[in-house]
Each structure stands twice: as structure tokens, then as C-alpha cells.
>>> print(open('protein-v9.pdb').read())   # PDB, C-alpha atoms
ATOM      1  CA  MET A   1       0.000   0.000   0.000
ATOM      2  CA  GLY A   2       1.493   3.338  -1.110
ATOM      3  CA  ALA A   3       1.863   6.463   0.964
ATOM      4  CA  VAL A   4      -1.011   8.928   0.845
ATOM      5  CA  PRO A   5       0.078  12.433  -0.219
ATOM      6  CA  SER A   6      -0.068  14.824   2.716
ATOM      7  CA  HIS A   7      -2.547  17.245   1.117
ATOM      8  CA  GLU A   8      -4.945  14.409   0.332
ATOM      9  CA  PHE A   9      -4.576  13.034   3.859
ATOM     10  CA  VAL A  10      -5.371  16.454   5.354
ATOM     11  CA  ARG A  11      -8.376  16.904   3.030
ATOM     12  CA  ASN A  12      -9.727  13.466   3.994
ATOM     13  CA  LEU A  13      -9.196  14.211   7.680
ATOM     14  CA  ASP A  14     -10.915  17.599   7.309
ATOM     15  CA  ASP A  15     -13.849  15.955   5.522
ATOM     16  CA  ALA A  16     -14.106  13.383   8.325
ATOM     17  CA  ILE A  17     -14.296  15.912  11.170
ATOM     18  CA  LEU A  18     -16.157  18.745   9.410
ATOM     19  CA  PRO A  19     -19.737  17.508   9.995
ATOM     20  CA  ASP A  20     -19.181  17.016  13.731
ATOM     21  CA  LEU A  21     -17.535  20.406  14.217
ATOM     22  CA  TRP A  22     -20.224  22.087  12.099
ATOM     23  CA  TYR A  23     -23.064  20.559  14.063
ATOM     24  CA  ARG A  24     -21.490  21.695  17.350
ATOM     25  CA  ARG A  25     -20.193  25.021  16.010
ATOM     26  CA  THR A  26     -21.953  27.185  18.598
ATOM     27  CA  ARG A  27     -20.552  25.064  21.454
ATOM     28  CA  LEU A  28     -16.948  24.480  20.410
ATOM     29  CA  SER A  29     -14.045  24.703  22.812
ATOM     30  CA  ALA A  30     -11.354  27.276  22.028
ATOM     31  CA  ASP A  31      -9.122  24.592  20.465
ATOM     32  CA  GLU A  32     -11.984  23.191  18.390
ATOM     33  CA  MET A  33     -12.856  26.712  17.230
ATOM     34  CA  VAL A  34      -9.284  27.226  16.028
ATOM     35  CA  SER A  35      -9.434  23.855  14.253
ATOM     36  CA  MET A  36     -12.707  24.796  12.577
ATOM     37  CA  VAL A  37     -11.353  28.157  11.393
ATOM     38  CA  GLU A  38      -8.210  26.552   9.973
ATOM     39  CA  LEU A  39     -10.242  23.792   8.317
ATOM     40  CA  VAL A  40     -12.515  26.355   6.625
ATOM     41  CA  LYS A  41      -9.560  28.495   5.531
ATOM     42  CA  ARG A  42      -7.857  25.436   3.999
ATOM     43  CA  ALA A  43     -11.021  24.485   2.138
ATOM     44  CA  LEU A  44     -11.515  28.006   0.752
ATOM     45  CA  HIS A  45      -7.860  28.829   0.077
ATOM     46  CA  THR A  46      -7.911  28.066  -3.653
ATOM     47  CA  TYR A  47     -11.570  28.965  -4.238
ATOM     48  CA  HIS A  48     -12.074  32.236  -6.126
ATOM     49  CA  PRO A  49     -15.722  32.694  -7.151
ATOM     50  CA  LEU A  50     -16.645  35.533  -9.513
ATOM     51  CA  GLU A  51     -18.679  37.184  -6.765
ATOM     52  CA  LEU A  52     -15.412  38.174  -5.037
ATOM     53  CA  GLN A  53     -14.530  40.511  -7.898
ATOM     54  CA  ALA A  54     -18.015  42.005  -8.003
ATOM     55  CA  LEU A  55     -17.902  42.883  -4.298
ATOM     56  CA  GLY A  56     -14.543  44.590  -4.621
ATOM     57  CA  GLU A  57     -13.489  43.632  -1.102
ATOM     58  CA  ASP A  58     -10.466  41.658   0.020
ATOM     59  CA  LYS A  59     -11.037  37.878  -0.101
ATOM     60  CA  GLU A  60      -9.501  37.385   3.353
ATOM     61  CA  GLU A  61     -11.908  39.949   4.832
ATOM     62  CA  LEU A  62     -14.948  38.313   3.228
ATOM     63  CA  VAL A  63     -13.820  34.845   4.334
ATOM     64  CA  ALA A  64     -13.309  36.178   7.875
ATOM     65  CA  GLN A  65     -16.833  37.642   7.827
ATOM     66  CA  PHE A  66     -18.198  34.331   6.542
ATOM     67  CA  ILE A  67     -16.433  32.407   9.297
ATOM     68  CA  TYR A  68     -17.609  34.852  11.979
ATOM     69  CA  ALA A  69     -21.233  35.092  10.893
ATOM     70  CA  LYS A  70     -22.028  31.764   9.270
ATOM     71  CA  VAL A  71     -19.507  29.147  10.337
ATOM     72  CA  LEU A  72     -19.046  29.991  14.015
ATOM     73  CA  ARG A  73     -22.392  31.863  14.177
ATOM     74  CA  LEU A  74     -20.960  34.596  16.408
ATOM     75  CA  ALA A  75     -23.131  37.341  14.927
ATOM     76  CA  PRO A  76     -25.609  38.633  17.546
ATOM     77  CA  SER A  77     -28.639  37.628  15.453
ATOM     78  CA  HIS A  78     -27.812  33.908  15.565
ATOM     79  CA  ILE A  79     -29.240  31.586  18.158
ATOM     80  CA  GLU A  80     -28.569  27.948  18.925
ATOM     81  CA  THR A  81     -29.068  25.753  15.897
ATOM     82  CA  HIS A  82     -31.281  22.680  16.030
ATOM     83  CA  ALA A  83     -30.262  21.402  12.610
ATOM     84  CA  CYS A  84     -29.668  17.701  12.235
ATOM     85  CA  ALA A  85     -26.174  16.383  11.629
ATOM     86  CA  GLU A  86     -27.096  15.523   8.031
ATOM     87  CA  SER A  87     -27.496  19.240   7.239
ATOM     88  CA  ALA A  88     -23.808  19.893   7.921
ATOM     89  CA  PRO A  89     -21.474  20.279   4.935
ATOM     90  CA  SER A  90     -19.862  16.949   4.168
ATOM     91  CA  ASN A  91     -16.632  18.260   2.654
ATOM     92  CA  GLY A  92     -14.619  21.293   1.613
ATOM     93  CA  TYR A  93     -16.499  21.609  -1.684
ATOM     94  CA  ALA A  94     -19.715  22.124   0.256
ATOM     95  CA  LEU A  95     -17.994  24.902   2.226
ATOM     96  CA  CYS A  96     -17.147  26.556  -1.098
ATOM     97  CA  ALA A  97     -20.818  26.430  -2.051
ATOM     98  CA  TYR A  98     -21.778  27.931   1.323
ATOM     99  CA  LEU A  99     -19.269  30.760   0.831
ATOM    100  CA  ARG A 100     -20.620  31.436  -2.646
ATOM    101  CA  ARG A 101     -24.181  31.683  -1.293
ATOM    102  CA  TYR A 102     -22.903  34.088   1.375
ATOM    103  CA  LEU A 103     -21.205  36.244  -1.274
ATOM    104  CA  ILE A 104     -24.329  36.262  -3.438
ATOM    105  CA  ASP A 105     -26.296  37.454  -0.435
ATOM    106  CA  CYS A 106     -23.700  40.184   0.150
ATOM    107  CA  LEU A 107     -24.194  41.313  -3.452
ATOM    108  CA  ARG A 108     -27.968  41.358  -3.018
ATOM    109  CA  SER A 109     -27.637  43.285   0.219
ATOM    110  CA  ALA A 110     -25.292  45.825  -1.380
ATOM    111  CA  GLY A 111     -27.656  46.215  -4.350
ATOM    112  CA  HIS A 112     -30.640  46.646  -2.065
ATOM    113  CA  GLN A 113     -28.774  49.220   0.018
ATOM    114  CA  ARG A 114     -27.912  51.187  -3.138
ATOM    115  CA  ASN A 115     -31.617  51.163  -4.095
ATOM    116  CA  VAL A 116     -32.676  52.338  -0.637
ATOM    117  CA  ASP A 117     -30.013  55.065  -0.659
ATOM    118  CA  GLY A 118     -31.128  56.174  -4.142
ATOM    119  CA  GLU A 119     -34.760  56.336  -3.051
ATOM    120  CA  ARG A 120     -33.802  58.445  -0.051
ATOM    121  CA  ARG A 121     -31.890  60.884  -2.254
ATOM    122  CA  HIS A 122     -34.857  61.181  -4.596
ATOM    123  CA  GLY A 123     -37.408  61.854  -1.828
ATOM    124  CA  ALA A 124     -39.017  58.426  -1.795
ATOM    125  CA  GLY A 125     -39.424  58.477   1.972
ATOM    126  CA  ASN A 126     -37.579  57.248   4.995
ATOM    127  CA  ARG A 127     -37.318  53.518   4.307
ATOM    128  CA  SER A 128     -34.907  51.635   6.480
ATOM    129  CA  ALA A 129     -35.595  48.071   5.326
ATOM    130  CA  ARG A 130     -32.467  46.150   4.571
ATOM    131  CA  ALA A 131     -31.864  42.710   3.137
ATOM    132  CA  GLY A 132     -28.833  41.991   5.326
ATOM    133  CA  ALA A 133     -26.938  43.192   8.334
ATOM    134  CA  ARG A 134     -23.979  45.520   7.903
ATOM    135  CA  ARG A 135     -21.008  46.144  10.111
ATOM    136  CA  PRO A 136     -20.361  49.681  11.299
ATOM    137  CA  GLY A 137     -17.501  49.915   8.783
ATOM    138  CA  GLY A 138     -19.977  49.416   5.921
ATOM    139  CA  LYS A 139     -18.880  45.905   4.968
ATOM    140  CA  CYS A 140     -21.502  43.260   4.339
ATOM    141  CA  LEU A 141     -22.353  40.629   6.904
ATOM    142  CA  ALA A 142     -24.962  38.777   4.894
ATOM    143  CA  ALA A 143     -28.100  37.418   6.461
ATOM    144  CA  ILE A 144     -28.290  33.931   4.916
ATOM    145  CA  ARG A 145     -28.260  30.763   6.964
ATOM    146  CA  PRO A 146     -26.051  28.016   5.472
TER     147      PRO A 146
END
>>> encode(input="protein-v9.pdb", output="C-alpha cells")
Amino acid sequence: MGAVPSHEFVRNLDDAILPDLWYRRTRLSADEMVSMVELVKRALHTYHPLELQALGEDKEELVAQFIYAKVLRLAPSHIETHACAESAPSNGYALCAYLRRYLIDCLRSAGHQRNVDGERRHGAGNRSARAGARRPGGKCLAAIRP
């Protein structure tokens, strides 16, 4: 039996522990949280969806927002999840799909905010409805639930 290349071994190990960490993501120990963050970063390292260019923000910043809001669910609006273990991503490719959905939601939120701002400038009233949450710095923290 031949040796397994290290990158393939790590990917297989990540895929094996991802569902468990994901299911318990709001109750992880500090060490498990670090493991989860590193696992997600490894999975997304080579992924460059077109939505990144459209948002015009740094990939590392958007990935950090994704990890904060959707992976670790540290955003104030998130409560304990009661999702079944089968709803957890099964591998790194699923994490890429989750990130892409997050980025699409960021684009929708940014587009909606531009529309609301345009309506305000043109006297359309005082609407404050927003599709997603935004950080004080103006960056998108999308409101989807992967």
C-alpha cells in the first residue's frame, strides 16, 4: 500500500471531522474553534468565485466575515441551531458552495442598500428596510443561513 500524499490526507481528515464540528459550532471549545477556522480556511484557500470581484473587497476579509457570521455563528442575530447532523457540509467543496451563497447574499444586500439610498436621495421616503446586516464599517455581513 502506497503512501497517501499529505494534502490528500489532510483533506480526507478535514472531511471526516467537518460535519461534527459544524453541528457543534456554537458550542466548540477554544481549540476546536481554532481547528474549525483553519479547516474552513484550507477548504476556501484556492476557491475564487466571480462574486469576489463584483464585491470589490479583500477575499480574506470576506472569508473572515463568513467564518464569523455563518460558520461559528458569532453574529448577535444567531441563536442555537437545532439542525440535524445531516445538514452539515460533508466536505470542503460544500464549504465553497456555502461561501458562494454568502457572497451572493452580500451582493444582493449591497444592491438593495444602493436602491434604498437612491430612493432616499430622490425623496421616496424614509425607508430603512435592509436585506442583510452591515457592520459599522460598511462591509456586508450577509443574512443567509447556510
>>> residues_around(input="protein-v9.pdb", residues="region 26-43 of chain A", least_positions_apart="2", cutoff="10 Å", atoms="all atoms listed in the file", output="VMD selection string")
chain A and resid 10 to 11 13 to 15 17 to 18 21 to 24 45 to 47 60 63 to 64 66 to 68 71 to 74 78 to 81 91 to 96 99
>>> axis_aligned_box(input="protein-v9.pdb", around="region 26-42 of chain A", padding_each_side="8 Å", output="lines of an AutoDock Vina configuration file")
center_x = -14.9
center_y = 25.8
center_z = 13.4
size_x = 30.1
size_y = 21.3
size_z = 34.8
>>> atom_distance(input="protein-v9.pdb", atom1="CA of Tyr102 (chain A)", atom2="CA of Ala88 (chain A)")
15.7 Å
>>> closest_residue(input="protein-v9.pdb", among="A:Ser90, A:Leu103, A:Arg25, A:Ser109", to="Glu57 (chain A)", atoms="all atoms listed in the file")
A:Leu103
>>> closest_residue(input="protein-v9.pdb", among="A:Pro19, A:Asn12, A:Leu62, A:Leu44", to="Ile104 (chain A)", atoms="all atoms listed in the file")
A:Leu62
>>> atom_distance(input="protein-v9.pdb", atom1="CA of Ala16 (chain A)", atom2="CA of Lys70 (chain A)")
20.0 Å
>>> atom_distance(input="protein-v9.pdb", atom1="CA of Tyr98 (chain A)", atom2="CA of Glu61 (chain A)")
15.9 Å
>>> closest_residue(input="protein-v9.pdb", among="A:Arg100, A:Gly111, A:Ala75, A:Ser6", to="Lys59 (chain A)", atoms="only C-alpha atoms")
A:Arg100
>>> decode(input="protein-v9.pdb", residues="region 11-112 of chain A", atoms="C-alpha atoms", output="mmCIF file, in the first residue's frame")
data_model
loop_
_atom_site.group_PDB
_atom_site.id
_atom_site.type_symbol
_atom_site.label_atom_id
_atom_site.label_comp_id
_atom_site.auth_asym_id
_atom_site.auth_seq_id
_atom_site.Cartn_x
_atom_site.Cartn_y
_atom_site.Cartn_z
ATOM 1 C CA ARG A 11 -8.376 16.904 3.030
ATOM 2 C CA ASN A 12 -9.727 13.466 3.994
ATOM 3 C CA LEU A 13 -9.196 14.211 7.680
ATOM 4 C CA ASP A 14 -10.915 17.599 7.309
ATOM 5 C CA ASP A 15 -13.849 15.955 5.522
ATOM 6 C CA ALA A 16 -14.106 13.383 8.325
ATOM 7 C CA ILE A 17 -14.296 15.912 11.170
ATOM 8 C CA LEU A 18 -16.157 18.745 9.410
ATOM 9 C CA PRO A 19 -19.737 17.508 9.995
ATOM 10 C CA ASP A 20 -19.181 17.016 13.731
ATOM 11 C CA LEU A 21 -17.535 20.406 14.217
ATOM 12 C CA TRP A 22 -20.224 22.087 12.099
ATOM 13 C CA TYR A 23 -23.064 20.559 14.063
ATOM 14 C CA ARG A 24 -21.490 21.695 17.350
ATOM 15 C CA ARG A 25 -20.193 25.021 16.010
ATOM 16 C CA THR A 26 -21.953 27.185 18.598
ATOM 17 C CA ARG A 27 -20.552 25.064 21.454
ATOM 18 C CA LEU A 28 -16.948 24.480 20.410
ATOM 19 C CA SER A 29 -14.045 24.703 22.812
ATOM 20 C CA ALA A 30 -11.354 27.276 22.028
ATOM 21 C CA ASP A 31 -9.122 24.592 20.465
ATOM 22 C CA GLU A 32 -11.984 23.191 18.390
ATOM 23 C CA MET A 33 -12.856 26.712 17.230
ATOM 24 C CA VAL A 34 -9.284 27.226 16.028
ATOM 25 C CA SER A 35 -9.434 23.855 14.253
ATOM 26 C CA MET A 36 -12.707 24.796 12.577
ATOM 27 C CA VAL A 37 -11.353 28.157 11.393
ATOM 28 C CA GLU A 38 -8.210 26.552 9.973
ATOM 29 C CA LEU A 39 -10.242 23.792 8.317
ATOM 30 C CA VAL A 40 -12.515 26.355 6.625
ATOM 31 C CA LYS A 41 -9.560 28.495 5.531
ATOM 32 C CA ARG A 42 -7.857 25.436 3.999
ATOM 33 C CA ALA A 43 -11.021 24.485 2.138
ATOM 34 C CA LEU A 44 -11.515 28.006 0.752
ATOM 35 C CA HIS A 45 -7.860 28.829 0.077
ATOM 36 C CA THR A 46 -7.911 28.066 -3.653
ATOM 37 C CA TYR A 47 -11.570 28.965 -4.238
ATOM 38 C CA HIS A 48 -12.074 32.236 -6.126
ATOM 39 C CA PRO A 49 -15.722 32.694 -7.151
ATOM 40 C CA LEU A 50 -16.645 35.533 -9.513
ATOM 41 C CA GLU A 51 -18.679 37.184 -6.765
ATOM 42 C CA LEU A 52 -15.412 38.174 -5.037
ATOM 43 C CA GLN A 53 -14.530 40.511 -7.898
ATOM 44 C CA ALA A 54 -18.015 42.005 -8.003
ATOM 45 C CA LEU A 55 -17.902 42.883 -4.298
ATOM 46 C CA GLY A 56 -14.543 44.590 -4.621
ATOM 47 C CA GLU A 57 -13.489 43.632 -1.102
ATOM 48 C CA ASP A 58 -10.466 41.658 0.020
ATOM 49 C CA LYS A 59 -11.037 37.878 -0.101
ATOM 50 C CA GLU A 60 -9.501 37.385 3.353
ATOM 51 C CA GLU A 61 -11.908 39.949 4.832
ATOM 52 C CA LEU A 62 -14.948 38.313 3.228
ATOM 53 C CA VAL A 63 -13.820 34.845 4.334
ATOM 54 C CA ALA A 64 -13.309 36.178 7.875
ATOM 55 C CA GLN A 65 -16.833 37.642 7.827
ATOM 56 C CA PHE A 66 -18.198 34.331 6.542
ATOM 57 C CA ILE A 67 -16.433 32.407 9.297
ATOM 58 C CA TYR A 68 -17.609 34.852 11.979
ATOM 59 C CA ALA A 69 -21.233 35.092 10.893
ATOM 60 C CA LYS A 70 -22.028 31.764 9.270
ATOM 61 C CA VAL A 71 -19.507 29.147 10.337
ATOM 62 C CA LEU A 72 -19.046 29.991 14.015
ATOM 63 C CA ARG A 73 -22.392 31.863 14.177
ATOM 64 C CA LEU A 74 -20.960 34.596 16.408
ATOM 65 C CA ALA A 75 -23.131 37.341 14.927
ATOM 66 C CA PRO A 76 -25.609 38.633 17.546
ATOM 67 C CA SER A 77 -28.639 37.628 15.453
ATOM 68 C CA HIS A 78 -27.812 33.908 15.565
ATOM 69 C CA ILE A 79 -29.240 31.586 18.158
ATOM 70 C CA GLU A 80 -28.569 27.948 18.925
ATOM 71 C CA THR A 81 -29.068 25.753 15.897
ATOM 72 C CA HIS A 82 -31.281 22.680 16.030
ATOM 73 C CA ALA A 83 -30.262 21.402 12.610
ATOM 74 C CA CYS A 84 -29.668 17.701 12.235
ATOM 75 C CA ALA A 85 -26.174 16.383 11.629
ATOM 76 C CA GLU A 86 -27.096 15.523 8.031
ATOM 77 C CA SER A 87 -27.496 19.240 7.239
ATOM 78 C CA ALA A 88 -23.808 19.893 7.921
ATOM 79 C CA PRO A 89 -21.474 20.279 4.935
ATOM 80 C CA SER A 90 -19.862 16.949 4.168
ATOM 81 C CA ASN A 91 -16.632 18.260 2.654
ATOM 82 C CA GLY A 92 -14.619 21.293 1.613
ATOM 83 C CA TYR A 93 -16.499 21.609 -1.684
ATOM 84 C CA ALA A 94 -19.715 22.124 0.256
ATOM 85 C CA LEU A 95 -17.994 24.902 2.226
ATOM 86 C CA CYS A 96 -17.147 26.556 -1.098
ATOM 87 C CA ALA A 97 -20.818 26.430 -2.051
ATOM 88 C CA TYR A 98 -21.778 27.931 1.323
ATOM 89 C CA LEU A 99 -19.269 30.760 0.831
ATOM 90 C CA ARG A 100 -20.620 31.436 -2.646
ATOM 91 C CA ARG A 101 -24.181 31.683 -1.293
ATOM 92 C CA TYR A 102 -22.903 34.088 1.375
ATOM 93 C CA LEU A 103 -21.205 36.244 -1.274
ATOM 94 C CA ILE A 104 -24.329 36.262 -3.438
ATOM 95 C CA ASP A 105 -26.296 37.454 -0.435
ATOM 96 C CA CYS A 106 -23.700 40.184 0.150
ATOM 97 C CA LEU A 107 -24.194 41.313 -3.452
ATOM 98 C CA ARG A 108 -27.968 41.358 -3.018
ATOM 99 C CA SER A 109 -27.637 43.285 0.219
ATOM 100 C CA ALA A 110 -25.292 45.825 -1.380
ATOM 101 C CA GLY A 111 -27.656 46.215 -4.350
ATOM 102 C CA HIS A 112 -30.640 46.646 -2.065
#
